[in-house]
Every structure is written in structure tokens, then in C-alpha cells.
>>> print(open('model.tsv').read())   # TSV, C-alpha atoms
chain	number	residue	atom	x	y	z
A	1	SER	CA	10.85	-7.63	-8.89
A	2	PHE	CA	11.45	-10.52	-11.29
A	3	VAL	CA	8.66	-13.09	-10.94
A	4	GLY	CA	4.87	-13.01	-11.10
A	5	PHE	CA	2.43	-15.57	-9.71
A	6	LEU	CA	2.38	-19.33	-10.09
A	7	LYS	CA	-0.07	-21.09	-12.39
A	8	ALA	CA	-1.39	-24.61	-12.58
A	9	PRO	CA	-0.07	-26.81	-15.44
A	10	GLY	CA	-2.28	-26.35	-18.47
A	11	GLU	CA	-3.77	-23.07	-17.30
A	12	GLU	CA	-3.16	-19.75	-19.03
A	13	ALA	CA	-0.24	-17.83	-17.58
A	14	LEU	CA	-1.17	-14.94	-15.33
A	15	ASP	CA	0.21	-12.03	-17.34
A	16	THR	CA	0.55	-9.83	-14.32
A	17	SER	CA	3.05	-8.71	-11.71
A	18	ALA	CA	2.66	-8.04	-8.00
A	19	ASN	CA	2.26	-4.32	-8.73
A	20	ASP	CA	-0.54	-5.02	-11.22
A	21	VAL	CA	-2.45	-6.96	-8.56
A	22	LEU	CA	-1.94	-4.24	-5.97
A	23	ASP	CA	-3.09	-1.59	-8.45
A	24	SER	CA	-6.28	-3.50	-9.19
A	25	ALA	CA	-7.09	-3.60	-5.48
A	26	ALA	CA	-7.11	0.18	-5.18
A	27	LEU	CA	-9.94	2.43	-6.28
A	28	PRO	CA	-9.92	3.46	-9.95
A	29	GLU	CA	-9.55	7.12	-9.05
A	30	GLN	CA	-6.61	6.36	-6.77
A	31	GLN	CA	-4.83	3.45	-8.37
A	32	ASP	CA	-2.43	5.69	-10.32
A	33	SER	CA	-1.50	7.91	-7.41
A	34	LEU	CA	-0.51	7.94	-3.79
A	35	PRO	CA	-2.69	10.05	-1.48
A	36	GLU	CA	-1.61	13.54	-0.59
A	37	VAL	CA	-1.08	14.04	3.13
A	38	THR	CA	-3.94	16.55	3.30
A	39	MET	CA	-6.36	13.69	2.51
A	40	LEU	CA	-5.45	12.05	5.81
A	41	ALA	CA	-7.26	14.83	7.68
A	42	ASP	CA	-10.42	12.87	6.91
A	43	THR	CA	-9.17	10.13	9.27
A	44	TYR	CA	-8.88	12.44	12.31
A	45	TYR	CA	-11.66	11.74	14.82
A	46	CYS	CA	-12.27	12.49	18.49
A	47	GLY	CA	-12.15	9.82	21.16
A	48	VAL	CA	-10.31	8.41	24.14
A	49	ASP	CA	-8.11	6.11	22.04
A	50	TRP	CA	-7.77	4.66	18.51
A	51	ASP	CA	-9.53	1.38	19.28
A	52	THR	CA	-12.59	3.12	20.68
A	53	VAL	CA	-12.83	5.61	17.82
A	54	SER	CA	-12.35	3.09	15.03
A	55	SER	CA	-15.08	0.84	16.43
A	56	ASN	CA	-17.54	3.74	16.84
A	57	CYS	CA	-17.10	5.77	13.66
A	58	ASP	CA	-20.82	6.48	13.34
A	59	THR	CA	-20.89	8.46	16.58
A	60	ALA	CA	-17.33	9.83	16.66
A	61	THR	CA	-16.77	13.55	16.01
A	62	PRO	CA	-14.44	14.52	13.14
A	63	CYS	CA	-11.50	16.80	13.98
A	64	PRO	CA	-9.82	17.39	10.59
A	65	SER	CA	-7.59	20.17	11.93
A	66	GLY	CA	-5.94	17.71	14.30
A	67	ASP	CA	-6.79	20.06	17.18
A	68	ALA	CA	-8.35	18.54	20.32
A	69	ASN	CA	-10.28	21.80	20.78
A	70	GLU	CA	-12.70	20.45	18.16
A	71	CYS	CA	-13.46	17.50	20.43
A	72	PRO	CA	-15.87	17.02	23.35
A	73	ASP	CA	-14.43	17.34	26.84
A	74	GLY	CA	-12.26	14.40	27.85
A	75	GLU	CA	-11.52	13.35	24.25
A	76	GLN	CA	-8.48	13.86	22.10
A	77	CYS	CA	-8.09	14.11	18.34
A	78	ILE	CA	-6.93	10.69	17.12
A	79	ALA	CA	-5.00	10.51	13.85
A	80	PHE	CA	-5.15	7.80	11.20
A	81	THR	CA	-8.34	6.10	12.35
A	82	ASN	CA	-10.42	3.82	10.13
A	83	CYS	CA	-13.24	6.35	10.12
A	84	GLY	CA	-13.97	8.58	7.16
A	85	GLY	CA	-14.40	5.84	4.59
A	86	MET	CA	-11.07	6.05	2.79
A	87	PHE	CA	-8.27	4.09	4.42
A	88	ASN	CA	-7.79	0.83	6.24
A	89	PHE	CA	-5.13	1.30	8.90
A	90	MET	CA	-3.81	-1.68	10.80
A	91	SER	CA	-3.33	-1.46	14.54
A	92	ASN	CA	0.13	-1.92	15.99
A	93	PRO	CA	-0.07	-4.12	19.12
A	94	ASN	CA	2.78	-2.12	20.63
A	95	VAL	CA	0.83	1.14	20.52
A	96	GLU	CA	-1.17	1.87	23.66
A	97	GLY	CA	-4.83	2.30	22.79
A	98	GLY	CA	-4.32	0.81	19.34
A	99	GLY	CA	-3.69	2.24	15.91
A	100	PRO	CA	-0.58	2.66	13.80
A	101	ASP	CA	2.47	4.40	15.23
A	102	VAL	CA	1.85	8.04	14.29
A	103	GLU	CA	5.53	8.91	13.92
A	104	SER	CA	6.11	5.90	11.66
A	105	VAL	CA	3.28	7.01	9.38
A	106	LYS	CA	4.72	10.52	9.20
A	107	LYS	CA	8.11	9.11	8.23
A	108	THR	CA	6.56	8.07	4.90
A	109	PHE	CA	5.57	11.67	4.05
A	110	TYR	CA	7.76	13.04	1.24
A	111	CYS	CA	7.66	15.99	-1.13
A	112	GLY	CA	7.47	15.29	-4.84
A	113	THR	CA	5.03	13.97	-7.40
A	114	SER	CA	2.83	10.93	-7.05
A	115	TRP	CA	4.17	9.17	-10.14
A	116	GLN	CA	7.76	9.40	-8.90
A	117	PHE	CA	6.82	7.69	-5.64
A	118	LEU	CA	4.84	5.00	-7.44
A	119	GLU	CA	8.05	4.35	-9.37
A	120	ASN	CA	9.89	4.50	-6.01
A	121	ILE	CA	12.14	7.30	-7.23
A	122	CYS	CA	13.19	8.91	-3.98
A	123	ASP	CA	16.51	10.56	-4.90
A	124	GLY	CA	16.44	14.14	-3.68
A	125	ALA	CA	12.95	13.83	-2.19
A	126	THR	CA	12.47	15.94	0.95
A	127	PRO	CA	10.61	14.60	4.01
A	128	CYS	CA	7.45	16.54	4.90
A	129	PRO	CA	6.34	15.22	8.32
A	130	ASN	CA	4.49	18.49	8.94
A	131	GLY	CA	2.59	18.41	5.67
A	132	PRO	CA	2.81	20.44	2.44
A	133	ASN	CA	4.29	23.47	4.20
A	134	ASP	CA	7.55	21.50	4.31
A	135	CYS	CA	7.64	21.39	0.49
A	136	THR	CA	9.21	24.25	-1.48
A	137	GLY	CA	9.57	22.89	-5.02
A	138	GLU	CA	7.27	23.98	-7.82
A	139	GLU	CA	4.35	21.61	-8.42
A	140	GLU	CA	5.46	19.47	-5.46
A	141	GLY	CA	2.95	17.86	-3.17
A	142	CYS	CA	3.41	16.11	0.16
A	143	PHE	CA	2.54	12.46	-0.33
A	144	ALA	CA	1.84	9.73	2.22
A	145	PHE	CA	2.82	6.05	2.22
A	146	THR	CA	5.93	6.46	0.06
A	147	GLY	CA	8.69	3.90	0.29
A	148	CYS	CA	11.40	6.54	0.62
A	149	ASN	CA	12.28	5.87	4.26
A	150	ASP	CA	14.20	2.62	4.60
A	151	GLU	CA	13.13	2.37	8.24
A	152	VAL	CA	9.41	2.16	7.51
A	153	ASP	CA	7.30	-0.19	5.38
A	154	PRO	CA	3.95	1.51	4.59
A	155	GLY	CA	2.41	-1.91	4.01
A	156	SER	CA	2.86	-2.67	7.69
A	157	PHE	CA	0.24	-0.13	8.77
A	158	VAL	CA	-2.08	0.75	5.89
A	159	GLY	CA	-4.23	-1.26	3.53
A	160	PHE	CA	-5.91	-0.15	0.33
A	161	LEU	CA	-8.27	2.71	-0.29
A	162	LYS	CA	-11.97	1.99	-0.37
A	163	ALA	CA	-14.91	3.84	-1.84
A	164	PRO	CA	-17.03	5.82	0.64
A	165	GLY	CA	-19.94	3.66	1.73
A	166	GLU	CA	-18.24	0.38	0.89
A	167	GLU	CA	-17.18	-2.14	3.49
A	168	ALA	CA	-13.62	-1.59	4.67
A	169	LEU	CA	-11.06	-3.76	2.96
A	170	ASP	CA	-9.83	-5.74	5.93
A	171	THR	CA	-6.67	-6.76	4.16
A	172	SER	CA	-3.03	-5.92	3.78
A	173	ALA	CA	-0.86	-5.92	0.68
A	174	ASN	CA	0.33	-9.44	1.50
A	175	ASP	CA	-3.25	-10.70	1.78
A	176	VAL	CA	-4.05	-9.39	-1.69
A	177	LEU	CA	-0.95	-11.01	-3.14
A	178	ASP	CA	-1.82	-14.29	-1.44
A	179	SER	CA	-5.32	-14.25	-2.89
A	180	ALA	CA	-3.90	-13.79	-6.39
A	181	ALA	CA	-1.96	-17.05	-6.21
A	182	LEU	CA	-3.64	-20.31	-7.10
A	183	PRO	CA	-5.24	-22.23	-4.20
A	184	GLU	CA	-2.88	-25.18	-4.61
A	185	GLN	CA	0.17	-22.91	-4.57
A	186	GLN	CA	-0.66	-20.00	-2.31
A	187	ASP	CA	0.65	-21.69	0.83
A	188	SER	CA	3.95	-22.83	-0.66
A	189	LEU	CA	6.93	-21.66	-2.69
A	190	PRO	CA	8.13	-23.74	-5.66
A	191	GLU	CA	10.95	-26.20	-5.19
A	192	VAL	CA	14.04	-25.29	-7.22
A	193	THR	CA	13.72	-28.47	-9.26
A	194	MET	CA	10.44	-27.12	-10.69
A	195	LEU	CA	12.38	-24.33	-12.41
A	196	ALA	CA	13.87	-26.88	-14.80
A	197	ASP	CA	10.57	-26.58	-16.68
A	198	THR	CA	11.55	-23.03	-17.65
A	199	TYR	CA	14.78	-24.04	-19.43
A	200	TYR	CA	14.48	-23.72	-23.24
A	201	CYS	CA	16.94	-23.51	-26.14
A	202	GLY	CA	17.44	-20.29	-28.07
A	203	VAL	CA	19.80	-17.46	-28.99
A	204	ASP	CA	18.63	-15.24	-26.15
A	205	TRP	CA	15.87	-14.91	-23.49
A	206	ASP	CA	13.68	-12.50	-25.48
A	207	THR	CA	13.65	-14.74	-28.53
A	208	VAL	CA	12.87	-17.88	-26.54
A	209	SER	CA	10.15	-16.28	-24.43
A	210	SER	CA	8.34	-14.97	-27.51
A	211	ASN	CA	8.54	-18.35	-29.28
A	212	CYS	CA	7.72	-20.88	-26.57
A	213	ASP	CA	5.59	-23.00	-28.89
A	214	THR	CA	8.56	-23.83	-31.14
A	215	ALA	CA	11.45	-23.64	-28.64
A	216	THR	CA	13.10	-26.90	-27.56
A	217	PRO	CA	13.11	-27.75	-23.83
A	218	CYS	CA	16.50	-28.43	-22.30
>>> encode(input="model.tsv", output="C-alpha cells")
Amino acid sequence: SFVGFLKAPGEEALDTSANDVLDSAALPEQQDSLPEVTMLADTYYCGVDWDTVSSNCDTATPCPSGDANECPDGEQCIAFTNCGGMFNFMSNPNVEGGGPDVESVKKTFYCGTSWQFLENICDGATPCPNGPNDCTGEEEGCFAFTGCNDEVDPGSFVGFLKAPGEEALDTSANDVLDSAALPEQQDSLPEVTMLADTYYCGVDWDTVSSNCDTATPC
């Protein structure tokens, strides 16, 4: 919330924040919005378990309604698979058969507008674990992967969106942040003594930071 990425001495500063890097990893058509819950229907596929479905997307049968009656005999409708070409869900080792914990994913569903959730404005937002029918406000949608539930971190189970037909982005938010750091710094945090190089004389922070070339180190 207050520091961007490290840079090598003599290199241009990376004029970017963590959020900027995350935004650039998403698709252009999605980078300014969170997905509505209805979009997740495209991840519902038939199979015996999540692991089997997600490794056989080409032959798995879609079941967008979430109803097992759409599936062949002996198969169930599996939610939040990596089929459908849009999302990259990460499997929870504690979930039998693989996949994210379904109830945890649903705990991130909240009514509101996409921009408010991107700004993490959750005051007054209503949970919508059952989808948009839970939302009653005008122009409200039911959005997934919000950070409104303190018990759940969306980054623990979903990666970034990908364009249909592209290879899945086998990465999490932390992986993207790591790749944005310089090679010589990405495996370490700075020692406090290094921060002495940021001390400069001036009347206030804004003035100093906009006049680094003439400010006096201290």
C-alpha cells in the first residue's frame, strides 16, 4: 500500500505499484472489472472430480446450470474448474478430488458495482452466495473474487483471466508480483540500512520527491 518494486542502482525507477502490475496481467477487456458471478457458469463441467475434469477439458461435458442432470451417468457437475478458457483456479490440497473450496469461493460473492470492489469499498455490500438473485439494489451486480470477506483471500484460489484459446496462466498474484521485481532483488527484501538512500533535505515530502536532482542527501 506504500511501496512499489525495487530497482537496480542506475536504472530508471519502476513507476508502478503492485496493483498496476496485477492489472497488466489481466485481459484488456477485464482489467478494469471483476467478473460477475454469472460468468463462472462457464467453468462448470461434468466429471467424477475436479482433478479429472480439469485435466480432460477437451472431452468434458459443460453443465452451466450447475445441475448434474446435464451430465452423463455417474458424473457430477463440478464448479470452478479450469475448463472454459477464462479462469485459472488453484487446487486446494485439503479438498478431496482437488479444486478450490467451493464455499470459500462463494464467500467472495458480493452485490455492488465492479469499480467499488476494485477500490475495495465493501461498506454496506451484501453477500450474494446464491448469485444475482440475492441482490436487490438498482444497477447492482453480483461480483466474484471481491476482498469483502476478511476470512477469504481470493488470491489463494484464483489466478488471472486468460483469453479463450490462449495457454492458461499457471500463476498466482504473488508469482506475477515476483516476476516484476528485478532478478537480483526478487528473492530478498531490502535491509533497513538501504533506506538511508531515500533520505533527502526539503520542506516537505512532495517538494523533495519532485526535485530529486537538486535535493541534498542527508
>>> closest_atom_pairs(input="model.tsv", of="range 67-108 of chain A", to="range 115-132 of chain A", cutoff="10 Å", atoms="only C-alpha atoms", output="CSV")
residue,atom,partner,partner_atom,distance
A:Glu103,CA,A:Pro129,CA,8.5
A:Ser104,CA,A:Pro129,CA,9.9
A:Val105,CA,A:Pro129,CA,8.8
A:Lys106,CA,A:Pro129,CA,5.0
A:Lys107,CA,A:Pro129,CA,6.4
A:Thr108,CA,A:Pro127,CA,7.7
>>> closest_residue(input="model.tsv", among="A:Cys135, A:Cys57, A:Cys201, A:Cys83", to="Thr43 in chain A", atoms="all atoms listed in the file")
A:Cys83
>>> closest_residue(input="model.tsv", among="A:Tyr199, A:Tyr44, A:Trp50, A:Trp205", to="Cys71 in chain A", atoms="only C-alpha atoms")
A:Tyr44
>>> closest_residue(input="model.tsv", among="A:Val102, A:Leu34, A:Leu40, A:Val95", to="Asn82 in chain A", atoms="all atoms listed in the file")
A:Leu40
>>> atom_distance(input="model.tsv", atom1="CA of Val37 in chain A", atom2="CA of Val158 in chain A")
13.6 Å
>>> closest_residue(input="model.tsv", among="A:Cys63, A:Ala144, A:Ala68, A:Cys111", to="Gly84 in chain A", atoms="only C-alpha atoms")
A:Cys63
>>> residues_near_point(input="model.tsv", point="(-8.1, 10.6, 8.3)", cutoff="9 Å", atoms="all atoms listed in the file", output="ChimeraX atom specification")
/A:38-45,62,64,78-87
>>> residues_near_point(input="model.tsv", point="(-8.2, 3.0, 21.7)", cutoff="12 Å", atoms="all atoms listed in the file", output="PDB file with C-alpha atoms, in the coordinates of the input")
ATOM      1  CA  TYR A  45     -11.660  11.740  14.820  1.00  0.00           C
ATOM      2  CA  CYS A  46     -12.270  12.490  18.490  1.00  0.00           C
ATOM      3  CA  GLY A  47     -12.150   9.820  21.160  1.00  0.00           C
ATOM      4  CA  VAL A  48     -10.310   8.410  24.140  1.00  0.00           C
ATOM      5  CA  ASP A  49      -8.110   6.110  22.040  1.00  0.00           C
ATOM      6  CA  TRP A  50      -7.770   4.660  18.510  1.00  0.00           C
ATOM      7  CA  ASP A  51      -9.530   1.380  19.280  1.00  0.00           C
ATOM      8  CA  THR A  52     -12.590   3.120  20.680  1.00  0.00           C
ATOM      9  CA  VAL A  53     -12.830   5.610  17.820  1.00  0.00           C
ATOM     10  CA  SER A  54     -12.350   3.090  15.030  1.00  0.00           C
ATOM     11  CA  SER A  55     -15.080   0.840  16.430  1.00  0.00           C
ATOM     12  CA  ASN A  56     -17.540   3.740  16.840  1.00  0.00           C
ATOM     13  CA  GLU A  75     -11.520  13.350  24.250  1.00  0.00           C
ATOM     14  CA  GLN A  76      -8.480  13.860  22.100  1.00  0.00           C
ATOM     15  CA  CYS A  77      -8.090  14.110  18.340  1.00  0.00           C
ATOM     16  CA  ILE A  78      -6.930  10.690  17.120  1.00  0.00           C
ATOM     17  CA  ALA A  79      -5.000  10.510  13.850  1.00  0.00           C
ATOM     18  CA  PHE A  80      -5.150   7.800  11.200  1.00  0.00           C
ATOM     19  CA  THR A  81      -8.340   6.100  12.350  1.00  0.00           C
ATOM     20  CA  ASN A  82     -10.420   3.820  10.130  1.00  0.00           C
ATOM     21  CA  SER A  91      -3.330  -1.460  14.540  1.00  0.00           C
ATOM     22  CA  ASN A  92       0.130  -1.920  15.990  1.00  0.00           C
ATOM     23  CA  PRO A  93      -0.070  -4.120  19.120  1.00  0.00           C
ATOM     24  CA  VAL A  95       0.830   1.140  20.520  1.00  0.00           C
ATOM     25  CA  GLU A  96      -1.170   1.870  23.660  1.00  0.00           C
ATOM     26  CA  GLY A  97      -4.830   2.300  22.790  1.00  0.00           C
ATOM     27  CA  GLY A  98      -4.320   0.810  19.340  1.00  0.00           C
ATOM     28  CA  GLY A  99      -3.690   2.240  15.910  1.00  0.00           C
ATOM     29  CA  PRO A 100      -0.580   2.660  13.800  1.00  0.00           C
TER      30      PRO A 100
END
>>> atom_distance(input="model.tsv", atom1="CA of Gly66 in chain A", atom2="CA of Asn149 in chain A")
23.9 Å
>>> atom_distance(input="model.tsv", atom1="CA of Glu36 in chain A", atom2="CA of Ser114 in chain A")
8.3 Å
